[in-house]
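Listing of start.txt, compact mmCIF, N, CA, C and O atoms
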# COMPACT_ATOMS: atom_id res chain seq x y z
N VAL A 17 56.20 -30.52 18.90
CA VAL A 17 55.03 -29.91 18.31
C VAL A 17 53.95 -29.66 19.37
O VAL A 17 53.25 -28.68 19.30
N ALA A 18 53.85 -30.54 20.35
CA ALA A 18 52.79 -30.40 21.36
C ALA A 18 52.90 -29.09 22.13
O ALA A 18 51.87 -28.45 22.41
N HIS A 19 54.12 -28.65 22.44
CA HIS A 19 54.25 -27.38 23.19
C HIS A 19 53.85 -26.19 22.33
O HIS A 19 53.29 -25.22 22.82
N LEU A 20 54.07 -26.26 21.02
CA LEU A 20 53.62 -25.19 20.13
C LEU A 20 52.11 -25.21 19.98
O LEU A 20 51.47 -24.16 19.92
N GLN A 21 51.52 -26.40 19.93
CA GLN A 21 50.06 -26.49 19.85
C GLN A 21 49.42 -25.90 21.11
O GLN A 21 48.39 -25.22 21.02
N ALA A 22 50.02 -26.15 22.27
CA ALA A 22 49.49 -25.60 23.51
C ALA A 22 49.54 -24.07 23.49
O ALA A 22 48.59 -23.41 23.91
N LYS A 23 50.63 -23.51 22.98
CA LYS A 23 50.74 -22.05 22.88
C LYS A 23 49.70 -21.51 21.90
O LYS A 23 49.04 -20.51 22.17
N ARG A 24 49.57 -22.18 20.75
CA ARG A 24 48.60 -21.77 19.75
C ARG A 24 47.20 -21.77 20.35
O ARG A 24 46.45 -20.79 20.23
N ASP A 25 46.84 -22.86 21.00
CA ASP A 25 45.49 -22.98 21.54
C ASP A 25 45.22 -21.95 22.63
O ASP A 25 44.14 -21.36 22.67
N LEU A 26 46.20 -21.69 23.48
CA LEU A 26 46.05 -20.67 24.51
C LEU A 26 45.82 -19.30 23.89
O LEU A 26 44.92 -18.56 24.30
N MET A 27 46.63 -18.96 22.89
CA MET A 27 46.49 -17.65 22.24
C MET A 27 45.15 -17.52 21.52
O MET A 27 44.47 -16.49 21.63
N VAL A 28 44.77 -18.53 20.77
CA VAL A 28 43.49 -18.47 20.05
C VAL A 28 42.34 -18.29 21.03
O VAL A 28 41.50 -17.40 20.85
N GLU A 29 42.30 -19.11 22.07
CA GLU A 29 41.23 -19.01 23.06
C GLU A 29 41.25 -17.66 23.77
O GLU A 29 40.20 -17.03 23.97
N GLY A 30 42.45 -17.21 24.17
CA GLY A 30 42.57 -15.93 24.87
C GLY A 30 42.16 -14.75 24.01
O GLY A 30 41.46 -13.85 24.47
N LEU A 31 42.59 -14.75 22.76
CA LEU A 31 42.24 -13.65 21.86
C LEU A 31 40.75 -13.64 21.55
O LEU A 31 40.10 -12.59 21.57
N ARG A 32 40.20 -14.80 21.27
CA ARG A 32 38.76 -14.88 20.99
C ARG A 32 37.94 -14.44 22.20
O ARG A 32 36.90 -13.79 22.04
N ALA A 33 38.38 -14.80 23.39
CA ALA A 33 37.63 -14.47 24.60
C ALA A 33 37.46 -12.97 24.80
O ALA A 33 36.46 -12.55 25.40
N VAL A 34 38.41 -12.18 24.31
CA VAL A 34 38.29 -10.72 24.49
C VAL A 34 37.80 -10.01 23.24
O VAL A 34 37.67 -8.79 23.24
N GLY A 35 37.54 -10.76 22.14
CA GLY A 35 36.90 -10.13 20.99
C GLY A 35 37.65 -10.13 19.68
O GLY A 35 37.18 -9.57 18.70
N TYR A 36 38.83 -10.74 19.63
CA TYR A 36 39.56 -10.80 18.36
C TYR A 36 38.96 -11.87 17.46
O TYR A 36 38.45 -12.88 17.95
N ARG A 37 39.07 -11.64 16.18
CA ARG A 37 38.69 -12.65 15.19
C ARG A 37 39.97 -13.34 14.73
O ARG A 37 40.84 -12.70 14.15
N VAL A 38 40.07 -14.62 15.00
CA VAL A 38 41.27 -15.37 14.64
C VAL A 38 40.88 -16.81 14.34
O VAL A 38 40.08 -17.40 15.07
N GLU A 39 41.41 -17.34 13.27
CA GLU A 39 41.18 -18.73 12.89
C GLU A 39 42.25 -19.61 13.53
O GLU A 39 43.36 -19.16 13.80
N VAL A 40 41.93 -20.87 13.73
CA VAL A 40 42.91 -21.83 14.23
C VAL A 40 43.69 -22.35 13.02
O VAL A 40 43.11 -23.02 12.16
N PRO A 41 44.96 -22.03 12.94
CA PRO A 41 45.74 -22.50 11.79
C PRO A 41 46.13 -23.97 11.95
O PRO A 41 46.19 -24.49 13.07
N GLU A 42 46.38 -24.62 10.83
CA GLU A 42 46.88 -25.99 10.90
C GLU A 42 48.29 -26.01 11.46
O GLU A 42 48.65 -26.91 12.21
N ALA A 43 49.08 -25.03 11.08
CA ALA A 43 50.44 -24.91 11.60
C ALA A 43 50.38 -24.34 13.01
O ALA A 43 49.37 -23.80 13.43
N THR A 44 51.47 -24.46 13.72
CA THR A 44 51.47 -23.99 15.12
C THR A 44 52.53 -22.93 15.38
O THR A 44 52.75 -22.55 16.52
N PHE A 45 53.16 -22.42 14.35
CA PHE A 45 54.26 -21.49 14.52
C PHE A 45 53.80 -20.04 14.67
O PHE A 45 54.44 -19.25 15.32
N TYR A 46 52.66 -19.68 14.07
CA TYR A 46 52.19 -18.29 14.14
C TYR A 46 50.69 -18.23 13.96
O TYR A 46 50.06 -19.18 13.50
N LEU A 47 50.11 -17.06 14.32
CA LEU A 47 48.69 -16.77 14.12
C LEU A 47 48.56 -15.50 13.27
O LEU A 47 49.45 -14.64 13.30
N PHE A 48 47.46 -15.38 12.57
CA PHE A 48 47.15 -14.19 11.79
C PHE A 48 45.77 -13.67 12.17
O PHE A 48 44.80 -13.84 11.44
N PRO A 49 45.63 -12.99 13.34
CA PRO A 49 44.33 -12.41 13.70
C PRO A 49 43.98 -11.22 12.81
O PRO A 49 44.86 -10.56 12.24
N HIS A 50 42.69 -10.95 12.72
CA HIS A 50 42.22 -9.74 12.04
C HIS A 50 42.58 -8.55 12.92
O HIS A 50 42.41 -8.59 14.14
N SER A 51 43.05 -7.49 12.30
CA SER A 51 43.28 -6.25 13.04
C SER A 51 41.92 -5.64 13.36
O SER A 51 41.05 -5.62 12.49
N PRO A 52 41.72 -5.14 14.57
CA PRO A 52 40.43 -4.52 14.89
C PRO A 52 40.22 -3.16 14.22
O PRO A 52 39.13 -2.61 14.28
N VAL A 53 41.27 -2.65 13.60
CA VAL A 53 41.16 -1.39 12.84
C VAL A 53 41.72 -1.64 11.45
O VAL A 53 42.57 -2.52 11.26
N PRO A 54 41.27 -0.90 10.45
CA PRO A 54 41.74 -1.15 9.09
C PRO A 54 43.25 -1.00 8.90
O PRO A 54 43.86 -1.72 8.11
N ASP A 55 43.86 -0.09 9.63
CA ASP A 55 45.30 0.16 9.49
C ASP A 55 46.08 -0.78 10.41
O ASP A 55 46.30 -0.49 11.59
N ASP A 56 46.47 -1.94 9.87
CA ASP A 56 47.16 -2.93 10.69
C ASP A 56 48.49 -2.41 11.22
O ASP A 56 48.91 -2.78 12.31
N GLU A 57 49.16 -1.52 10.49
CA GLU A 57 50.42 -0.97 10.98
C GLU A 57 50.19 -0.09 12.21
O GLU A 57 50.98 -0.13 13.16
N ALA A 58 49.12 0.68 12.20
CA ALA A 58 48.80 1.51 13.37
C ALA A 58 48.47 0.63 14.57
O ALA A 58 48.88 0.92 15.70
N PHE A 59 47.75 -0.47 14.34
CA PHE A 59 47.42 -1.35 15.45
C PHE A 59 48.66 -2.04 16.00
O PHE A 59 48.81 -2.19 17.22
N VAL A 60 49.55 -2.44 15.13
CA VAL A 60 50.81 -3.05 15.57
C VAL A 60 51.60 -2.06 16.42
O VAL A 60 52.21 -2.44 17.43
N GLN A 61 51.57 -0.79 16.06
CA GLN A 61 52.26 0.22 16.86
C GLN A 61 51.61 0.36 18.24
O GLN A 61 52.29 0.51 19.24
N LEU A 62 50.28 0.30 18.28
CA LEU A 62 49.57 0.36 19.56
C LEU A 62 49.99 -0.81 20.45
O LEU A 62 50.27 -0.64 21.64
N LEU A 63 50.08 -2.00 19.87
CA LEU A 63 50.55 -3.15 20.63
C LEU A 63 51.99 -2.95 21.11
O LEU A 63 52.32 -3.27 22.25
N ALA A 64 52.85 -2.41 20.23
CA ALA A 64 54.25 -2.16 20.61
C ALA A 64 54.32 -1.19 21.79
O ALA A 64 55.15 -1.37 22.70
N ASP A 65 53.46 -0.20 21.79
CA ASP A 65 53.42 0.76 22.90
C ASP A 65 53.08 0.07 24.22
O ASP A 65 53.43 0.55 25.29
N LEU A 66 52.38 -1.07 24.12
CA LEU A 66 52.01 -1.85 25.31
C LEU A 66 53.00 -2.98 25.59
O LEU A 66 52.78 -3.81 26.46
N GLY A 67 54.08 -3.04 24.81
CA GLY A 67 55.11 -4.03 25.05
C GLY A 67 54.92 -5.36 24.34
O GLY A 67 55.54 -6.35 24.71
N VAL A 68 54.04 -5.39 23.32
CA VAL A 68 53.80 -6.61 22.56
C VAL A 68 54.30 -6.39 21.14
O VAL A 68 53.85 -5.48 20.44
N LEU A 69 55.24 -7.22 20.73
CA LEU A 69 55.83 -7.07 19.40
C LEU A 69 55.25 -8.11 18.44
O LEU A 69 55.43 -9.31 18.65
N VAL A 70 54.55 -7.63 17.45
CA VAL A 70 53.98 -8.46 16.38
C VAL A 70 54.29 -7.76 15.06
O VAL A 70 54.81 -6.64 15.05
N MET A 71 53.93 -8.39 13.96
CA MET A 71 54.23 -7.80 12.66
C MET A 71 52.93 -7.49 11.92
O MET A 71 51.96 -8.27 11.98
N PRO A 72 52.90 -6.36 11.20
CA PRO A 72 51.71 -6.05 10.42
C PRO A 72 51.53 -7.03 9.27
O PRO A 72 52.50 -7.51 8.68
N GLY A 73 50.29 -7.32 8.96
CA GLY A 73 49.99 -8.24 7.87
C GLY A 73 50.47 -7.77 6.52
O GLY A 73 50.75 -8.57 5.63
N ARG A 74 50.57 -6.46 6.34
CA ARG A 74 51.03 -5.92 5.05
C ARG A 74 52.37 -6.48 4.63
O ARG A 74 52.64 -6.65 3.45
N ILE A 75 53.23 -6.77 5.60
CA ILE A 75 54.54 -7.34 5.28
C ILE A 75 54.38 -8.67 4.54
O ILE A 75 55.18 -9.02 3.69
N PHE A 76 53.28 -9.38 4.85
CA PHE A 76 53.02 -10.69 4.27
C PHE A 76 51.92 -10.65 3.21
O PHE A 76 51.30 -11.66 2.90
N GLU A 77 51.65 -9.44 2.71
CA GLU A 77 50.63 -9.20 1.69
C GLU A 77 49.23 -9.58 2.19
O GLU A 77 48.39 -10.07 1.43
N THR A 78 48.99 -9.37 3.48
CA THR A 78 47.68 -9.60 4.08
C THR A 78 47.28 -8.39 4.93
O THR A 78 47.20 -8.49 6.16
N PRO A 79 47.05 -7.24 4.28
CA PRO A 79 46.65 -6.06 5.06
C PRO A 79 45.36 -6.33 5.82
O PRO A 79 44.51 -7.11 5.39
N GLY A 80 45.25 -5.70 6.98
CA GLY A 80 44.07 -5.89 7.81
C GLY A 80 44.23 -7.02 8.83
O GLY A 80 43.32 -7.30 9.59
N PHE A 81 45.40 -7.63 8.83
CA PHE A 81 45.72 -8.70 9.77
C PHE A 81 47.04 -8.34 10.45
O PHE A 81 47.71 -7.40 10.06
N PHE A 82 47.41 -9.09 11.46
CA PHE A 82 48.74 -8.97 12.04
C PHE A 82 49.22 -10.37 12.41
O PHE A 82 48.42 -11.29 12.60
N ARG A 83 50.52 -10.54 12.47
CA ARG A 83 51.10 -11.86 12.69
C ARG A 83 51.70 -11.95 14.09
O ARG A 83 52.48 -11.10 14.51
N ILE A 84 51.33 -13.00 14.80
CA ILE A 84 51.86 -13.31 16.12
C ILE A 84 52.72 -14.56 15.98
O ILE A 84 52.24 -15.60 15.57
N CYS A 85 53.97 -14.45 16.35
CA CYS A 85 54.87 -15.60 16.35
C CYS A 85 54.74 -16.31 17.70
O CYS A 85 54.75 -15.66 18.75
N LEU A 86 54.62 -17.62 17.68
CA LEU A 86 54.37 -18.38 18.90
C LEU A 86 55.61 -19.06 19.46
O LEU A 86 55.51 -20.03 20.19
N THR A 87 56.78 -18.52 19.16
CA THR A 87 58.00 -19.13 19.67
C THR A 87 58.42 -18.56 21.03
O THR A 87 59.40 -19.03 21.61
N ALA A 88 57.69 -17.61 21.54
CA ALA A 88 57.98 -17.06 22.87
C ALA A 88 57.69 -18.12 23.93
O ALA A 88 57.03 -19.13 23.67
N THR A 89 58.14 -17.85 25.13
CA THR A 89 57.86 -18.78 26.23
C THR A 89 56.37 -18.73 26.57
O THR A 89 55.68 -17.75 26.28
N MET A 90 55.90 -19.78 27.22
CA MET A 90 54.50 -19.82 27.66
C MET A 90 54.21 -18.66 28.61
O MET A 90 53.15 -18.04 28.54
N GLU A 91 55.17 -18.33 29.47
CA GLU A 91 54.98 -17.21 30.40
C GLU A 91 54.82 -15.88 29.65
O GLU A 91 53.98 -15.05 30.02
N THR A 92 55.60 -15.70 28.61
CA THR A 92 55.50 -14.47 27.81
C THR A 92 54.15 -14.41 27.11
O THR A 92 53.51 -13.36 27.06
N ILE A 93 53.72 -15.53 26.58
CA ILE A 93 52.43 -15.58 25.90
C ILE A 93 51.30 -15.27 26.88
O ILE A 93 50.41 -14.47 26.58
N GLU A 94 51.35 -15.88 28.05
CA GLU A 94 50.32 -15.61 29.06
C GLU A 94 50.32 -14.15 29.47
O GLU A 94 49.26 -13.54 29.64
N ALA A 95 51.50 -13.56 29.63
CA ALA A 95 51.60 -12.15 30.03
C ALA A 95 51.10 -11.21 28.94
O ALA A 95 50.69 -10.08 29.23
N SER A 96 51.13 -11.66 27.69
CA SER A 96 50.71 -10.79 26.59
C SER A 96 49.19 -10.66 26.49
O SER A 96 48.69 -9.66 25.97
N LEU A 97 48.45 -11.64 26.96
CA LEU A 97 47.00 -11.62 26.76
C LEU A 97 46.31 -10.39 27.34
O LEU A 97 45.48 -9.78 26.65
N PRO A 98 46.62 -9.95 28.57
CA PRO A 98 46.00 -8.71 29.05
C PRO A 98 46.39 -7.49 28.21
O PRO A 98 45.61 -6.54 28.07
N ARG A 99 47.56 -7.52 27.62
CA ARG A 99 48.00 -6.41 26.77
C ARG A 99 47.24 -6.41 25.45
O ARG A 99 46.89 -5.34 24.93
N PHE A 100 46.98 -7.59 24.91
CA PHE A 100 46.15 -7.67 23.70
C PHE A 100 44.74 -7.15 24.01
O PHE A 100 44.14 -6.45 23.20
N GLU A 101 44.23 -7.49 25.18
CA GLU A 101 42.91 -7.00 25.57
C GLU A 101 42.91 -5.48 25.70
O GLU A 101 41.99 -4.80 25.22
N ALA A 102 43.95 -4.92 26.31
CA ALA A 102 44.04 -3.47 26.47
C ALA A 102 44.15 -2.78 25.10
O ALA A 102 43.53 -1.73 24.88
N ALA A 103 44.91 -3.36 24.19
CA ALA A 103 45.06 -2.77 22.86
C ALA A 103 43.73 -2.76 22.12
O ALA A 103 43.38 -1.77 21.47
N LEU A 104 42.97 -3.84 22.24
CA LEU A 104 41.67 -3.90 21.58
C LEU A 104 40.74 -2.86 22.16
O LEU A 104 40.02 -2.17 21.43
N ALA A 105 40.77 -2.70 23.48
CA ALA A 105 39.92 -1.68 24.13
C ALA A 105 40.30 -0.28 23.65
O ALA A 105 39.42 0.54 23.34
N ARG A 106 41.59 0.01 23.57
CA ARG A 106 42.03 1.33 23.11
C ARG A 106 41.63 1.57 21.66
O ARG A 106 41.21 2.66 21.29
N ALA A 107 41.79 0.55 20.83
CA ALA A 107 41.42 0.69 19.41
C ALA A 107 39.93 0.92 19.26
O ALA A 107 39.50 1.74 18.44
N THR A 108 39.13 0.23 20.07
CA THR A 108 37.68 0.38 20.03
C THR A 108 37.27 1.78 20.49
O THR A 108 36.41 2.42 19.89
N GLU A 109 37.91 2.26 21.55
CA GLU A 109 37.62 3.60 22.06
C GLU A 109 37.96 4.66 21.02
O GLU A 109 37.22 5.62 20.82
N ALA A 110 39.10 4.50 20.38
CA ALA A 110 39.55 5.49 19.37
C ALA A 110 38.63 5.51 18.17
O ALA A 110 38.45 6.56 17.55
N ALA A 111 38.04 4.36 17.85
CA ALA A 111 37.15 4.28 16.69
C ALA A 111 35.77 4.87 16.99
O ALA A 111 35.02 5.20 16.08
N SER A 112 35.45 5.02 18.28
CA SER A 112 34.12 5.55 18.67
C SER A 112 34.02 7.03 18.52
O SER A 112 34.87 7.79 18.61

What would the structure in this file look like if it were written as structure tokens?
Amino acid sequence: VAHLQAKRDLMVEGLRAVGYRVEVPEATFYLFPHSPVPDDEAFVQLLADLGVLVMPGRIFETPGFFRICLTATMETIEASLPRFEAALARATEAAS
């Protein structure tokens, strides 16, 4: 469990640092950040274009969010953070 908690904490801190809204879940298997745009499926596609695979919240009856699974390696999680930052910047630019 400790290695999953470390991944969770790294992702939460990293996402919050660049502007995502995300709560710290009690569980450590996944996160549900708020999508920075209303269309969570469109945002998930933007992330996929940057090489980050997550699932839209609509699949889990939580539109406006997206799900990040934390079972990837620590290296993969660390490598994803700049891509999450780039996706947020692109989404913000497109909304302007």

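Backbone DSSP assigns strand (DSSP E) in chain A to Tyr46, Leu47, Met71, Pro72, Phe82, Arg83, Ile84 and Cys85 of chain A.
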
I'd like the contact shell of Glu39 in chain A - 8 Å cut-off, only N, CA, C and O atoms, skipping same-chain residues fewer than 3 positions apart - returned as a compact mmCIF listing (two decimals) with N, CA, C and O atoms, in the frame of the given file.
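Once written, selection-v5.txt looks like this:
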# COMPACT_ATOMS: atom_id res chain seq x y z
N ARG A 24 49.57 -22.18 20.75
CA ARG A 24 48.60 -21.77 19.75
C ARG A 24 47.20 -21.77 20.35
O ARG A 24 46.45 -20.79 20.23
N VAL A 28 44.77 -18.53 20.77
CA VAL A 28 43.49 -18.47 20.05
C VAL A 28 42.34 -18.29 21.03
O VAL A 28 41.50 -17.40 20.85
N TYR A 36 38.83 -10.74 19.63
CA TYR A 36 39.56 -10.80 18.36
C TYR A 36 38.96 -11.87 17.46
O TYR A 36 38.45 -12.88 17.95
N GLU A 42 46.38 -24.62 10.83
CA GLU A 42 46.88 -25.99 10.90
C GLU A 42 48.29 -26.01 11.46
O GLU A 42 48.65 -26.91 12.21
N ALA A 43 49.08 -25.03 11.08
CA ALA A 43 50.44 -24.91 11.60
C ALA A 43 50.38 -24.34 13.01
O ALA A 43 49.37 -23.80 13.43
N TYR A 46 52.66 -19.68 14.07
CA TYR A 46 52.19 -18.29 14.14
C TYR A 46 50.69 -18.23 13.96
O TYR A 46 50.06 -19.18 13.50
N LEU A 47 50.11 -17.06 14.32
CA LEU A 47 48.69 -16.77 14.12
C LEU A 47 48.56 -15.50 13.27
O LEU A 47 49.45 -14.64 13.30
N PHE A 48 47.46 -15.38 12.57
CA PHE A 48 47.15 -14.19 11.79
C PHE A 48 45.77 -13.67 12.17
O PHE A 48 44.80 -13.84 11.44
N PRO A 49 45.63 -12.99 13.34
CA PRO A 49 44.33 -12.41 13.70
C PRO A 49 43.98 -11.22 12.81
O PRO A 49 44.86 -10.56 12.24
N HIS A 50 42.69 -10.95 12.72
CA HIS A 50 42.22 -9.74 12.04
C HIS A 50 42.58 -8.55 12.92
O HIS A 50 42.41 -8.59 14.14

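Distances to Ala111 in chain A were evaluated for A:Gly67, A:Pro52, A:Pro79, A:Gly30 using all atoms listed in the file, and the minimum falls at A:Pro52.
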
Practice task
Kindly indicate which residue among A:Ala105, A:Ala33, A:Thr44, A:Val70 lies nearest to Phe82 in chain A, using only N, CA, C and O atoms for the distances.
Solution key: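 Going through A:Ala105, A:Ala33, A:Thr44, A:Val70 one by one, the smallest distance to Phe82 in chain A is for A:Val70.
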
Completion exercise
Of A:Met27, A:Val34, A:Met71, A:Val40, the one nearest to Ile93 in chain A when counting all atoms listed in the file is A:Met27

Handout entry: Coordinates-based distance that separates atom O of Pro41 in chain A from atom N of Asp25 in chain A (Å, one decimal)
Key = 8.1 Å

Practice task
Please measure the separation of atom N of Val60 in chain A and atom O of Phe81 in chain A, giving the value in Å to one decimal.
Solution key: 7.3 Å

Handout entry: Interatomic distance (Å, one decimal) between atom O of Leu20 in chain A and atom O of Phe100 in chain A
Key =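 Spanning atom O of Leu20 in chain A to atom O of Phe100 in chain A is a straight-line distance of 19.4 Å.
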
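Distances to Leu62 in chain A were evaluated for A:Val17, A:Arg32, A:Thr108, A:Arg99 using only N, CA, C and O atoms, and the minimum falls at A:Arg99.
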
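Distances to Cys85 in chain A were evaluated for A:Leu31, A:Val68, A:Phe45, A:Leu63 using all atoms listed in the file, and the minimum falls at A:Phe45.
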
Problem - Best match for closeness to Gly35 in chain A among A:Glu91, A:Glu109, A:Asp56, A:Glu101, counting only C-alpha atoms - result: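 Closest candidate: A:Glu101.
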
Exercise for the section: Determine which residues of chain A DSSP labels as helix (DSSP H, G or I) from the backbone of this structure, then write them out as number ranges by chain. Expected result: A: 18-34, 56-65, 73-76, 90-111

Exercise for the section: Give as a ChimeraX atom specification each residue that has an atom at most 8 Å from (55.1, -26.9, 27.5) in the file, counting only N, CA, C and O atoms. Expected result: /A:18-20,22-23,90

Some atoms are missing, so please complete range 49-58 of chain A with all heavy atoms and return it as a compact mmCIF listing (two decimals), in the coordinates of the input.
# COMPACT_ATOMS: atom_id res chain seq x y z
N PRO A 49 45.63 -12.99 13.34
CA PRO A 49 44.33 -12.41 13.70
C PRO A 49 43.98 -11.22 12.81
O PRO A 49 44.86 -10.56 12.24
CB PRO A 49 44.54 -11.93 15.14
CG PRO A 49 45.79 -12.59 15.60
CD PRO A 49 46.61 -12.82 14.38
N HIS A 50 42.69 -10.95 12.72
CA HIS A 50 42.22 -9.74 12.04
C HIS A 50 42.58 -8.55 12.92
O HIS A 50 42.41 -8.59 14.14
CB HIS A 50 40.70 -9.77 11.87
CG HIS A 50 40.22 -10.77 10.89
ND1 HIS A 50 39.94 -10.44 9.58
CD2 HIS A 50 39.99 -12.09 10.99
CE1 HIS A 50 39.56 -11.52 8.94
NE2 HIS A 50 39.57 -12.54 9.78
N SER A 51 43.05 -7.49 12.30
CA SER A 51 43.28 -6.25 13.04
C SER A 51 41.92 -5.64 13.36
O SER A 51 41.05 -5.62 12.49
CB SER A 51 44.10 -5.28 12.19
OG SER A 51 44.19 -4.03 12.83
N PRO A 52 41.72 -5.14 14.57
CA PRO A 52 40.43 -4.52 14.89
C PRO A 52 40.22 -3.16 14.22
O PRO A 52 39.13 -2.61 14.28
CB PRO A 52 40.47 -4.40 16.41
CG PRO A 52 41.91 -4.34 16.74
CD PRO A 52 42.62 -5.17 15.71
N VAL A 53 41.27 -2.65 13.60
CA VAL A 53 41.16 -1.39 12.84
C VAL A 53 41.72 -1.64 11.45
O VAL A 53 42.57 -2.52 11.26
CB VAL A 53 41.92 -0.24 13.54
CG1 VAL A 53 41.31 0.07 14.90
CG2 VAL A 53 43.39 -0.55 13.69
N PRO A 54 41.27 -0.90 10.45
CA PRO A 54 41.74 -1.15 9.09
C PRO A 54 43.25 -1.00 8.90
O PRO A 54 43.86 -1.72 8.11
CB PRO A 54 40.98 -0.12 8.25
CG PRO A 54 39.78 0.21 9.04
CD PRO A 54 40.20 0.10 10.49
N ASP A 55 43.86 -0.09 9.63
CA ASP A 55 45.30 0.16 9.49
C ASP A 55 46.08 -0.78 10.41
O ASP A 55 46.30 -0.49 11.59
CB ASP A 55 45.61 1.62 9.82
CG ASP A 55 47.05 2.00 9.55
OD1 ASP A 55 47.90 1.10 9.37
OD2 ASP A 55 47.34 3.21 9.55
N ASP A 56 46.47 -1.94 9.87
CA ASP A 56 47.16 -2.93 10.69
C ASP A 56 48.49 -2.41 11.22
O ASP A 56 48.91 -2.78 12.31
CB ASP A 56 47.36 -4.25 9.94
CG ASP A 56 48.04 -4.11 8.60
OD1 ASP A 56 47.39 -3.62 7.66
OD2 ASP A 56 49.20 -4.49 8.48
N GLU A 57 49.16 -1.52 10.49
CA GLU A 57 50.42 -0.97 10.98
C GLU A 57 50.19 -0.09 12.21
O GLU A 57 50.98 -0.13 13.16
CB GLU A 57 51.12 -0.20 9.88
CG GLU A 57 51.65 -1.11 8.78
CD GLU A 57 52.32 -0.37 7.64
OE1 GLU A 57 52.03 0.83 7.42
OE2 GLU A 57 53.14 -1.01 6.97
N ALA A 58 49.12 0.68 12.20
CA ALA A 58 48.80 1.51 13.37
C ALA A 58 48.47 0.63 14.57
O ALA A 58 48.88 0.92 15.70
CB ALA A 58 47.64 2.45 13.05
